[in-house]
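*Asks:* Please read through the structure below; I'll follow up with questions.
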Amino acid sequence: MPMHWPEDLTSTALSGRMPPGPWPDERWSTLFRQARVAGLLGRVAAQLDESGRAGPAAAARHAEAALRVCRAQQDEICREIRFIQHALAGLGAPVVLLKGAAYVMAGLPAAQGRVFSDIDIMVPKAVLAQAESMLMLGGWMTTHHTAYDQRYYRQWMHELPPMEHVQRSTVLDVHHTILPETARLRPDPHKLFEASEAVPGQTGLRMLCAPDMVLHSMTHLFMNDDMNHALRDLSDLDLLLRHFARDAQFWTQLVERAALLDLRRPLFYGLRYTARLLGTPVAPQASAALRSAAPGAALLKLMDAIWLRALRSPHPATAPAGRAAALGALYVRGHWLRMPPLLLARHLTIKALRRHEGETPPEPETPH
Amino acid sequence: MTTLLQSLGADATRRALRSPGGLLLQMGPFVARLATRIPAVSTAIETLYAAYPVASADTFVDFDVGVHRPASWRHWWQPQVVFSFEGQEPFNPLPGGQGFPLLEWGLNWCVYGICHQYLILHAAVLERNGRALVLPAPSGSGKSTLCSALLFSGWRLLSDELTLICPKQGHIVPNPRPVSLKNDSIDVIRRFAPQMRLGSTVRDTVKGVVAHFAAPPDAVRAAHQPATPGWIVLPKYVAGSPARLEPIERARAFMQLVENAFNYDLFGAEGFNLVGSVIDRSACFSFEYSDVHEAAALFARLADGQADGQEPTAH
């Protein structure tokens with residue numbers, strides 16, 4: 001990474017590369033504010049807690065606040081999962097928890113200090129309609145009511161339109177595979193279900209096996225178009241890798257599963273950037289085995305230039321020159337990888353023609 | 001030595017607000033970095049935050065905020081202002097004249113959206129003899145009007161909008177900021193307290209006409225002194241009604257605090273116990289009024305223990 005780029009303190013803190021000795025208050029403040037914008041303040045606070053490193057009193061107060069939000073959200077996730085379990089009890093097919101929901105229920109370190117916006121589950125496509133109606137009986141209703149949106153999700157995507165619970169307003173994404181039906185890479189969902197494992201201590205709930213969980217996290221990051229939480233996703237990946245790598249077989253299995261699921265390229269990028277930015281230890285044999293999955297030298301140089309700009313806190317103080325262009329390129333790339341050109345052109349046109357629906361102005365006087 | 005904003009002078013204030021480092025102001029327990037290039041907003045900050053300490057550049061900054069003209073060709077025919085938080089713009093722009101109210105709303109949003117080290121109530125809060133009077137109420141209930149009348153009648157302002165309860169000590173942490181008045185209450189308070197330093201009046205906001213006046217300098221100086229919960233009063237403006245204070249059941253007061261809390265759901269059992277301990281230490285009333293003089297006189301008697309109603313019971 002070029003030396004003249006402003007330091008991304010969030011990565012520094014998460015990689016355990018914080019220089020020892022006292023930090024000035026101003027620097028703590030910068031770290032906390034940058035981490036907050038990246039959605040990573042809870043995680044930074046949790047890791048500081050664990051390493052026994054404490055900032056000034058003001059930092060401790062923000063850490064307390066951020067961890068309180070994480071705790072409350074994780075309690076809510078656990079509660080919601082009970083409701084989902086109940087609603088889908090008679091489905092007769094595996095219900096696989098994805099991403100954050102799996103990390104929380106399996107007690108993985110990647111749950112630490114993580115914030116959530118929704119819950120993701122995956123069921124086999126054959127029972128998707130049945131799962132949807134069972135969830136509707138449980139109070140979850142479909143959102144995105146325009147005909148185009150419904151078609152976009154149901155025909156082309158890998159998930160139903162997000163479902164929202166009528167009373168609790170929680171959002172549930174029901175997937176049937178991990179990448180859109182229209183995407184360039186098509187990992188076979190049967191293989192994901194076959195290799196899935198029971199969530200310890202939970203009846204009727206499954207999660208992806210360790211290598212698949214890592215691969216899913218990587219596809220999510222490296223094929224997405226929205227980079228606002230890119231660093232958070234990278235940090236999830238880092239924590240998953242560090243945790244699973246305690247099993248000696250893990251790296252071999254990871255490389256094998258990547259080949260089986262057609263996901264070697266995302267794995268190559270994932271390992272490259274977690275190691276570079278967060279200091280994740282990667283087994284040399286895994287790096288060697290993935291060398292053939294790397295793009296050509298020129299493309300790799302371009303991808304480095306783009307990803308190293310994107311995988312930072314979105315805080316403007318950390319933005320290196322060319323960040324906006326990098327994000328724009330990734331937006332296009334994310335869409336390009338998700339849909340064939342004609343479909344993509346159509347989708348982007350429809351999105352552009354729609355009136356921009358922004359957020360309403362602040363109404364701080366209304367509690368919510 | 002603390003430097004107050006007023007000793008900086010108008011030019012230096014404006015320069016600081018335009019500089020990359022912004023203007024660092026201590027506001028109760030928080031330090032905000034403020035930035036703006038809009039002259040009217042500079043002037044409002046300079047007037048309404050005159051008594052606030054300027055924090056040094058090496059301080060821990062809690063929020064980095066600003067109001068700016070959005071970069072858009074639209075600026076030429078319809079000036080707008082936009083609130084920025086850590087370089088992000090979380091809200092849609094507002095009409096150009098609403099810069100200062102937008103900054104205040106944005107700062108409130110920072111407090112109730114981030115500072116979950118406190119249980120935060122949508123309530124005005126004042127102090128007398130070390131005890132806090134909490135006025136929880138939704139908008140439009142006459143809470144700000146009552147709060148304004150009281151702070152010109154011997155009560156110390158802790159906040160006109162956000163009551164911060166510390167879960168560890170159970171006390172209420174002051175966060176005195178400019179007080180916002182709306183519509184008719186602007187004239188009511190102008191007549192009640194001619195000494196009030198009112199900033200400029202902004203029309204046609206989502207809340208109608210809005211004006212801010214500066215928190216009394218004494219309240220700003222005492223911003224580090226917390227207060228113990230003493231009274232919970234649910235205020236309601238009722239046209240033509242005499243000032244009437246009526247004891248209410250603790251359970252109802254409890255529910256009112258919960259309903260007016262921004263982040264009760266984050267606290268779990270701790271929040272239940274905390275609200276309970278606030279109720280236990282407070283006398284709880286509902287209050288109807290139409291005349292601010294009458295209201296101020298009644299609350300003076302309440303503070304001296306002479307008003308009707310129950311006395312707080314010790315636990």
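Going by the structure tokens order, chains are called A, B, ..., each with residues numbered from 1, while ligands are numbered from 1 in the order shown.
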For the alpha helix (DSSP H) assignment from backbone DSSP, which residues of region 157-222 of chain B qualify? Please present them as a list in words.

*Replies:*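 Selecting the alpha helix (DSSP H) positions of region 157-222 of chain B gives Asp184, Ser185, Ile186, Asp187, Val188, Ile189, Arg190, Arg191, Phe192, Pro217, Asp218, Ala219, Val220 and Arg221 of chain B.
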
*Asks:* With N, CA and C atoms retained, write the just-selected residues as a tab-separated table (two decimals), in the first residue's frame.

*Replies:*
```tsv
chain	number	residue	atom	x	y	z
B	184	ASP	N	-46.12	29.78	18.72
B	184	ASP	CA	-46.63	30.75	19.69
B	184	ASP	C	-45.77	30.85	20.95
B	185	SER	N	-45.09	29.77	21.31
B	185	SER	CA	-44.34	29.81	22.56
B	185	SER	C	-43.17	30.79	22.48
B	186	ILE	N	-42.75	31.17	21.27
B	186	ILE	CA	-41.66	32.15	21.15
B	186	ILE	C	-42.08	33.47	21.80
B	187	ASP	N	-43.28	33.94	21.47
B	187	ASP	CA	-43.75	35.20	22.06
B	187	ASP	C	-44.08	35.06	23.54
B	188	VAL	N	-44.63	33.91	23.90
B	188	VAL	CA	-44.96	33.68	25.31
B	188	VAL	C	-43.71	33.84	26.17
B	189	ILE	N	-42.61	33.22	25.74
B	189	ILE	CA	-41.39	33.29	26.55
B	189	ILE	C	-40.71	34.66	26.41
B	190	ARG	N	-40.84	35.27	25.25
B	190	ARG	CA	-40.29	36.62	25.08
B	190	ARG	C	-40.93	37.58	26.09
B	191	ARG	N	-42.23	37.44	26.28
B	191	ARG	CA	-42.91	38.30	27.26
B	191	ARG	C	-42.53	37.90	28.69
B	192	PHE	N	-42.38	36.59	28.91
B	192	PHE	CA	-42.10	36.10	30.26
B	192	PHE	C	-40.69	36.49	30.69
B	217	PRO	N	-25.79	31.14	30.99
B	217	PRO	CA	-24.38	30.86	31.25
B	217	PRO	C	-24.14	30.06	32.53
B	218	ASP	N	-24.96	30.29	33.57
B	218	ASP	CA	-24.80	29.51	34.81
B	218	ASP	C	-25.00	28.02	34.55
B	219	ALA	N	-25.99	27.70	33.73
B	219	ALA	CA	-26.27	26.30	33.42
B	219	ALA	C	-25.11	25.69	32.65
B	220	VAL	N	-24.49	26.47	31.75
B	220	VAL	CA	-23.36	25.97	30.97
B	220	VAL	C	-22.16	25.76	31.89
B	221	ARG	N	-21.94	26.72	32.82
B	221	ARG	CA	-20.82	26.58	33.77
B	221	ARG	C	-20.97	25.36	34.66
```

*Asks:* Residues of region 60-264 of chain B in strand (DSSP E) according to DSSP, as number ranges by chain?

*Replies:* B: 63-68, 80-85, 94-95, 119-128, 131-136, 156-159, 162-165, 172-173, 179-182, 198-205, 208-213, 228-237, 244-247

*Asks:* Mind dumping the selected residues with C-alpha atoms as a short mmCIF file (atom, residue, chain, number, x, y, z; two decimals), in the first residue's frame?

*Replies:*
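File produced: out-v1.cif:
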```
data_model
loop_
_atom_site.label_atom_id
_atom_site.label_comp_id
_atom_site.auth_asym_id
_atom_site.auth_seq_id
_atom_site.Cartn_x
_atom_site.Cartn_y
_atom_site.Cartn_z
CA PHE B 63 -18.82 13.91 17.07
CA ASP B 64 -17.55 15.56 13.93
CA VAL B 65 -20.47 17.47 12.42
CA GLY B 66 -21.19 20.32 10.06
CA VAL B 67 -23.78 22.03 7.92
CA HIS B 68 -22.93 22.83 4.34
CA GLN B 80 -30.23 24.14 0.56
CA VAL B 81 -28.33 23.03 3.62
CA VAL B 82 -27.19 19.54 4.45
CA PHE B 83 -26.00 18.04 7.72
CA SER B 84 -22.75 16.12 7.71
CA PHE B 85 -21.65 13.60 10.29
CA LEU B 94 -33.35 21.16 4.01
CA PRO B 95 -34.19 24.63 2.66
CA LEU B 119 -30.39 5.73 29.09
CA ILE B 120 -31.79 8.62 27.05
CA LEU B 121 -35.29 10.02 27.50
CA HIS B 122 -37.11 12.47 25.31
CA ALA B 123 -37.64 14.82 28.21
CA ALA B 124 -36.71 18.27 29.39
CA VAL B 125 -34.85 18.27 32.68
CA LEU B 126 -34.06 21.02 35.20
CA GLU B 127 -32.51 21.10 38.64
CA ARG B 128 -33.18 22.88 41.90
CA ARG B 131 -32.78 17.47 42.58
CA ALA B 132 -33.85 16.98 39.00
CA LEU B 133 -37.29 17.72 37.60
CA VAL B 134 -37.88 15.49 34.59
CA LEU B 135 -40.56 16.53 32.09
CA PRO B 136 -41.07 13.62 29.69
CA ARG B 156 -31.01 25.23 36.34
CA LEU B 157 -31.32 23.86 32.79
CA LEU B 158 -29.85 20.40 32.28
CA SER B 159 -31.48 19.89 28.87
CA LEU B 162 -32.65 14.88 26.07
CA THR B 163 -32.45 13.52 29.61
CA LEU B 164 -29.27 11.46 30.03
CA ILE B 165 -29.42 8.94 32.86
CA ILE B 172 -28.86 12.67 35.49
CA VAL B 173 -26.05 14.14 33.42
CA VAL B 179 -33.29 25.80 23.82
CA SER B 180 -35.68 25.52 20.93
CA LEU B 181 -39.01 27.33 20.95
CA LYS B 182 -41.73 26.83 18.41
CA LEU B 198 -33.00 34.76 21.08
CA GLY B 199 -31.20 33.74 17.91
CA SER B 200 -32.79 34.38 14.54
CA THR B 201 -36.25 32.99 13.84
CA VAL B 202 -36.56 30.35 11.13
CA ARG B 203 -39.88 29.92 9.35
CA ASP B 204 -41.43 27.01 7.47
CA THR B 205 -39.52 24.19 9.11
CA GLY B 208 -43.29 25.45 11.93
CA VAL B 209 -41.51 28.61 13.15
CA VAL B 210 -38.45 27.70 15.21
CA ALA B 211 -36.18 29.94 17.27
CA HIS B 212 -33.38 29.04 19.65
CA PHE B 213 -32.22 30.95 22.69
CA THR B 228 -30.43 13.24 41.50
CA PRO B 229 -33.92 12.37 40.22
CA GLY B 230 -36.48 14.30 42.29
CA TRP B 231 -39.69 14.81 40.40
CA ILE B 232 -41.27 13.35 37.30
CA VAL B 233 -43.96 15.56 35.87
CA LEU B 234 -45.94 14.82 32.70
CA PRO B 235 -46.76 18.27 31.32
CA LYS B 236 -49.66 19.17 29.09
CA TYR B 237 -50.63 22.58 27.77
CA ARG B 244 -52.90 21.89 38.21
CA LEU B 245 -50.50 19.31 39.60
CA GLU B 246 -51.92 15.86 40.31
CA PRO B 247 -50.11 12.89 41.80
#
```

*Asks:* Please identify all polymer residues within 6 Å of Pro174 (chain B), counting only C-alpha atoms, omitting same-chain residues fewer than 2 positions from it, and present them as a ChimeraX atom specification.

*Replies:* /B:28,158,176,223

*Asks:* Taking into account only C-alpha atoms, which residue in the set B:Ser241, B:Asn263, B:Thr13, B:Ser286 is nearest to chain A?

*Replies:*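 Result for the nearest residue to chain A: B:Asn263.
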
*Asks:* Considering only C-alpha atoms, extract the chain B residues located within 6 Å of chain A and return them as number ranges by chain.

*Replies:* B: 58-61, 87, 91-92, 105, 109, 115-117, 262, 266
